[in-house]
file target-v2.txt (compact mmCIF, C-alpha atoms)
# COMPACT_ATOMS: atom_id res chain seq x y z
CA LEU A 1 -0.32 -6.11 -30.74
CA CYS A 2 -2.20 -6.11 -27.45
CA VAL A 3 -2.49 -9.91 -27.45
CA TYR A 4 1.24 -10.18 -28.14
CA HIS A 5 1.97 -7.68 -25.37
CA ALA A 6 -0.27 -9.62 -22.96
CA TYR A 7 1.54 -12.82 -23.93
CA ARG A 8 4.98 -11.25 -23.33
CA ARG A 9 3.86 -9.86 -19.96
CA SER A 10 2.27 -13.18 -18.92
CA ALA A 11 -1.08 -11.52 -18.38
CA PRO A 12 -3.96 -13.69 -17.18
CA ARG A 13 -5.95 -15.53 -19.85
CA SER A 14 -9.03 -13.39 -19.22
CA TRP A 15 -7.24 -10.43 -20.82
CA TYR A 16 -6.89 -12.37 -24.09
CA TRP A 17 -10.64 -12.92 -24.20
CA ILE A 18 -11.40 -9.29 -23.48
CA ILE A 19 -8.99 -8.11 -26.19
CA VAL A 20 -10.33 -10.59 -28.77
CA LEU A 21 -14.05 -10.23 -28.01
CA PHE A 22 -14.01 -6.44 -27.69
CA PRO A 23 -11.11 -5.39 -29.93
CA ILE A 24 -11.19 -1.61 -29.63
CA LEU A 25 -12.56 -1.19 -26.11
CA GLY A 26 -10.66 -4.23 -24.81
CA CYS A 27 -7.37 -2.91 -26.19
CA ILE A 28 -7.95 0.54 -24.73
CA ILE A 29 -8.75 -0.88 -21.29
CA TYR A 30 -5.77 -3.25 -21.47
CA LEU A 31 -3.37 -0.48 -22.49
CA VAL A 32 -4.60 1.88 -19.77
CA GLN A 33 -4.31 -0.81 -17.10
CA SER A 34 -0.93 -1.90 -18.45
CA SER A 35 0.46 1.64 -18.42
CA ARG A 36 -0.59 1.99 -14.79
CA GLY A 37 0.99 -1.34 -13.94
CA GLN A 38 -2.36 -2.66 -12.74
CA ILE A 39 -2.70 -5.80 -14.85
CA SER A 40 -4.11 -8.25 -12.36
CA ARG A 41 -5.90 -11.57 -12.17
CA ASN A 42 -9.25 -9.86 -12.59
CA PRO A 43 -9.53 -7.24 -15.34
CA ALA A 44 -12.33 -5.49 -13.48
CA THR A 45 -10.15 -5.00 -10.38
CA GLY A 46 -8.95 -1.53 -11.41
CA ILE A 47 -12.52 -0.36 -11.87
CA ALA A 48 -13.74 -2.10 -8.71
CA VAL A 49 -10.99 -0.51 -6.60
CA GLN A 50 -11.92 2.97 -7.77
CA ASP A 51 -15.58 2.26 -7.01
CA SER A 52 -14.72 1.09 -3.50
CA VAL A 53 -12.61 4.22 -2.92
CA ARG A 54 -15.53 6.39 -4.00
CA ALA A 55 -17.87 4.45 -1.71
CA LEU A 56 -15.50 4.95 1.22
CA GLU A 57 -15.23 8.66 0.42
CA GLU A 58 -19.02 8.92 0.49
CA ALA A 59 -19.15 6.97 3.78
CA LEU A 60 -16.65 9.43 5.29
CA LYS A 61 -18.73 12.41 4.11
CA PHE A 62 -21.83 10.83 5.61
CA SER A 63 -20.20 9.81 8.90
CA ASP A 64 -16.88 11.40 9.83
CA THR A 65 -15.57 8.70 12.18
CA ILE A 66 -12.08 7.44 12.89
CA THR A 67 -12.99 4.02 11.51
CA ASN A 68 -14.12 5.52 8.21
CA LYS A 69 -10.97 7.63 8.01
CA ILE A 70 -8.75 4.60 8.56
CA ARG A 71 -10.66 2.50 6.01
CA LEU A 72 -10.38 5.26 3.42
CA ALA A 73 -6.68 5.76 4.21
CA ASP A 74 -6.12 2.01 3.72
CA ALA A 75 -7.86 2.22 0.34
CA TYR A 76 -5.83 5.29 -0.65
CA THR A 77 -2.65 3.41 0.24
CA ASP A 78 -3.74 0.46 -1.89
CA VAL A 79 -4.24 2.67 -4.96
CA GLY A 80 -1.08 4.73 -4.44
CA ARG A 81 -2.58 7.97 -3.14
CA PHE A 82 -0.09 8.15 -0.27
CA ARG A 83 -0.30 11.85 0.62
CA GLU A 84 -4.06 11.66 1.11
CA ALA A 85 -3.67 8.46 3.14
CA ILE A 86 -1.04 10.06 5.37
CA ALA A 87 -3.31 13.03 6.06
CA LEU A 88 -6.18 10.72 7.03
CA TYR A 89 -3.99 8.56 9.28
CA GLU A 90 -2.71 11.70 11.02
CA GLU A 91 -6.28 12.93 11.54
CA SER A 92 -7.12 9.53 13.04
CA LEU A 93 -4.33 9.76 15.60
CA THR A 94 -6.22 12.09 17.94
CA GLY A 95 -7.92 11.64 21.26
CA PHE A 96 -8.05 8.10 22.58
CA MET A 97 -6.54 6.81 19.31
CA SER A 98 -3.43 8.98 19.59
CA ASP A 99 -1.27 6.08 20.68
CA ASP A 100 -2.89 3.28 18.65
CA PRO A 101 0.02 1.12 17.46
CA LEU A 102 -1.75 -0.36 14.43
CA THR A 103 -2.66 3.04 13.01
CA ARG A 104 0.86 4.31 13.63
CA MET A 105 2.28 1.22 11.89
CA LYS A 106 0.00 1.84 8.90
CA LEU A 107 1.18 5.45 8.85
CA LEU A 108 4.79 4.22 8.97
CA TYR A 109 4.16 1.94 5.97
CA THR A 110 2.45 4.68 3.99
CA CYS A 111 5.30 7.12 4.70
CA PHE A 112 7.72 4.42 3.55
CA ARG A 113 5.80 4.02 0.29
CA ASP A 114 5.85 7.82 -0.07
CA GLU A 115 9.64 7.67 0.42
CA ASP A 116 9.60 9.92 3.50
CA TYR A 117 12.28 7.90 5.27
CA ALA A 118 13.05 10.44 7.99
CA ARG A 119 9.42 10.30 9.07
CA VAL A 120 9.47 6.48 8.96
CA ILE A 121 12.46 6.49 11.29
CA SER A 122 10.80 8.83 13.78
CA LEU A 123 7.62 6.73 13.74
CA GLY A 124 9.63 3.52 14.08
CA GLU A 125 11.57 4.87 17.03
CA GLY A 126 8.28 5.73 18.71
CA LEU A 127 7.00 2.21 18.10
CA GLU A 128 10.12 0.33 19.24
CA GLY A 129 8.64 -0.30 22.68
CA GLU A 130 5.48 -1.92 21.29
CA LYS A 131 5.43 -5.72 21.25
CA SER A 132 3.07 -5.73 18.28
CA PHE A 133 5.63 -3.68 16.32
CA ARG A 134 8.57 -5.90 17.22
CA ASP A 135 6.77 -8.93 15.77
CA SER A 136 5.30 -7.26 12.68
CA GLU A 137 6.40 -6.85 9.08
CA TYR A 138 6.26 -3.07 9.55
CA ARG A 139 9.53 -3.27 11.42
CA ALA A 140 11.27 -4.31 8.19
CA PHE A 141 10.13 -1.05 6.58
CA PHE A 142 11.66 0.78 9.54
CA ALA A 143 14.93 -1.09 8.99
CA TRP A 144 14.92 -0.33 5.26
CA ALA A 145 14.32 3.35 6.01
CA LEU A 146 17.33 3.32 8.32
CA CYS A 147 19.36 1.76 5.53
CA TYR A 148 18.18 4.33 2.97
CA GLN A 149 19.07 7.15 5.34
CA GLY A 150 22.63 5.83 5.71
CA GLU A 151 22.26 4.35 9.20
CA VAL A 152 23.44 0.94 8.06
CA GLU A 153 24.62 -0.30 11.48
CA ARG A 154 21.27 0.43 13.12
CA ALA A 155 19.49 -1.15 10.16
CA HIS A 156 21.64 -4.26 10.49
CA LYS A 157 20.77 -4.52 14.20
CA VAL A 158 17.05 -4.27 13.44
CA PHE A 159 17.31 -6.81 10.62
CA SER A 160 19.27 -9.15 12.91
CA ASP A 161 16.61 -8.83 15.58
CA ILE A 162 13.88 -9.54 13.02
CA ASP A 163 15.72 -12.66 11.85
CA ARG A 164 14.55 -15.06 14.54
CA THR A 165 12.22 -18.01 14.79
CA PHE A 166 8.54 -17.40 13.91
CA THR A 167 9.09 -13.86 12.56
call {"tool": "encode", "arguments": {"input": "target-v2.txt", "output": "C-alpha cells"}}
result
Amino acid sequence: LCVYHAYRRSAPRSWYWIIVLFPILGCIIYLVQSSRGQISRNPATGIAVQDSVRALEEALKFSDTITNKIRLADAYTDVGRFREAIALYEESLTGFMSDDPLTRMKLLYTCFRDEDYARVISLGEGLEGEKSFRDSEYRAFFAWALCYQGEVERAHKVFSDIDRTFT
C-alpha cells in the first residue's frame, strides 16, 4: 500500500527502496512524512531539518546574539513554526538592527505565512520606502495581503508596479 501510495504521489525513487528494504520501519517513516506533507527528494530531510533546528536552539542558548536569533527564526519558518519565528524576529529588531530591512522583510513573510495579513500590511507600508523591498519578492506577499484584506485597488497598484522588467 505504501509503494502504491508513493507511486500515486510521484514520490522520489529512494522512497520505494526504503519501503521495500525496511518494510515496517520504512512504511512508518513514509506515512509520517506523507501525513506532514514533507515527502521530499531526500527521505532524511525531515530528520535533518529537526536536527539543524535543535543545533540552532543550542547555539542560541550558548550565545544569545542577533545573528543566532535570525538563523533560528529562519529555521522555524522553514519548518512551519511561525509564531516562534515571529517572536525571534521581533526580538532581533532592537538597537542598531531596529530598522534592518532584510529582517523586517523576513518578518513580513513569516506573518504572511501565519496569515496575519493586517500585520503584513503594516510592515509592508513601513518598508515601501526601501529600494531593497521594492525589488524583492517580499513585496508580492504585501500585495497578496492587501488583496486578502479587501484592498484590491491598492493590491492591483502594487502588482502593477512589480510587473516590470527584471523583477
call {"tool": "closest_residue", "arguments": {"input": "target-v2.txt", "among": "A:Ala140, A:Ala155, A:Ala118, A:Ile70", "to": "A:Lys106", "atoms": "all atoms listed in the file"}}
result
A:Ile70
call {"tool": "closest_residue", "arguments": {"input": "target-v2.txt", "among": "A:Gln149, A:Gln33, A:Ser63, A:Ser14", "to": "A:Val120", "atoms": "only C-alpha atoms"}}
result
A:Gln149
call {"tool": "closest_residue", "arguments": {"input": "target-v2.txt", "among": "A:Tyr89, A:Phe96, A:Tyr7, A:Phe82", "to": "A:Asp114", "atoms": "only C-alpha atoms"}}
result
A:Phe82
call {"tool": "residues_near_point", "arguments": {"input": "target-v2.txt", "point": "(-3.2, -5.4, -28.8)", "cutoff": "10 Å", "atoms": "only C-alpha atoms", "output": "list in words"}}
result
Leu1, Cys2, Val3, Tyr4, His5, Ala6, Tyr16, Ile19, Val20, Pro23, Ile24, Gly26, Cys27, Ile28, Tyr30 and Leu31 of chain A
call {"tool": "atom_distance", "arguments": {"input": "target-v2.txt", "atom1": "atom CA of A:Arg71", "atom2": "atom CA of A:Arg54"}}
result
11.8 Å
call {"tool": "closest_atom_pairs", "arguments": {"input": "target-v2.txt", "of": "stretch 83-143 of chain A", "to": "stretch 160-163 of chain A", "cutoff": "8 Å", "atoms": "only C-alpha atoms", "output": "JSON lines"}}
result
{"residue": "A:Arg134", "atom": "CA", "partner": "A:Ile162", "partner_atom": "CA", "distance": 7.7}
{"residue": "A:Asp135", "atom": "CA", "partner": "A:Ile162", "partner_atom": "CA", "distance": 7.6}
{"residue": "A:Arg139", "atom": "CA", "partner": "A:Ile162", "partner_atom": "CA", "distance": 7.8}
{"residue": "A:Ala140", "atom": "CA", "partner": "A:Ile162", "partner_atom": "CA", "distance": 7.6}
call {"tool": "atom_distance", "arguments": {"input": "target-v2.txt", "atom1": "atom CA of A:Leu108", "atom2": "atom CA of A:Thr65"}}
result
21.1 Å
call {"tool": "residues_around", "arguments": {"input": "target-v2.txt", "residues": "A:Ile66", "least_positions_apart": "2", "cutoff": "9 Å", "atoms": "all atoms listed in the file", "output": "PyMOL selection string"}}
result
chain A and resi 64+68-71+88-89+91-93+97
call {"tool": "atom_distance", "arguments": {"input": "target-v2.txt", "atom1": "atom CA of A:Ser98", "atom2": "atom CA of A:Cys111"}}
result
17.4 Å
call {"tool": "closest_residue", "arguments": {"input": "target-v2.txt", "among": "A:Thr103, A:Thr110, A:Ser10, A:Ser52", "to": "A:Phe133", "atoms": "all atoms listed in the file"}}
result
A:Thr103
call {"tool": "residues_around", "arguments": {"input": "target-v2.txt", "residues": "A:Asp99", "least_positions_apart": "5", "cutoff": "10 Å", "atoms": "all atoms listed in the file", "output": "compact mmCIF listing (two decimals) with C-alpha atoms, keeping the file's coordinate frame"}}
result
# COMPACT_ATOMS: atom_id res chain seq x y z
CA LEU A 93 -4.33 9.76 15.60
CA THR A 94 -6.22 12.09 17.94
CA ARG A 104 0.86 4.31 13.63
CA GLY A 126 8.28 5.73 18.71
CA LEU A 127 7.00 2.21 18.10
call {"tool": "closest_residue", "arguments": {"input": "target-v2.txt", "among": "A:Glu130, A:Arg9, A:Gly124, A:Ser34", "to": "A:Ala143", "atoms": "only C-alpha atoms"}}
result
A:Gly124
call {"tool": "closest_residue", "arguments": {"input": "target-v2.txt", "among": "A:Gly95, A:Glu128, A:Tyr109, A:Leu72", "to": "A:Glu58", "atoms": "only C-alpha atoms"}}
result
A:Leu72
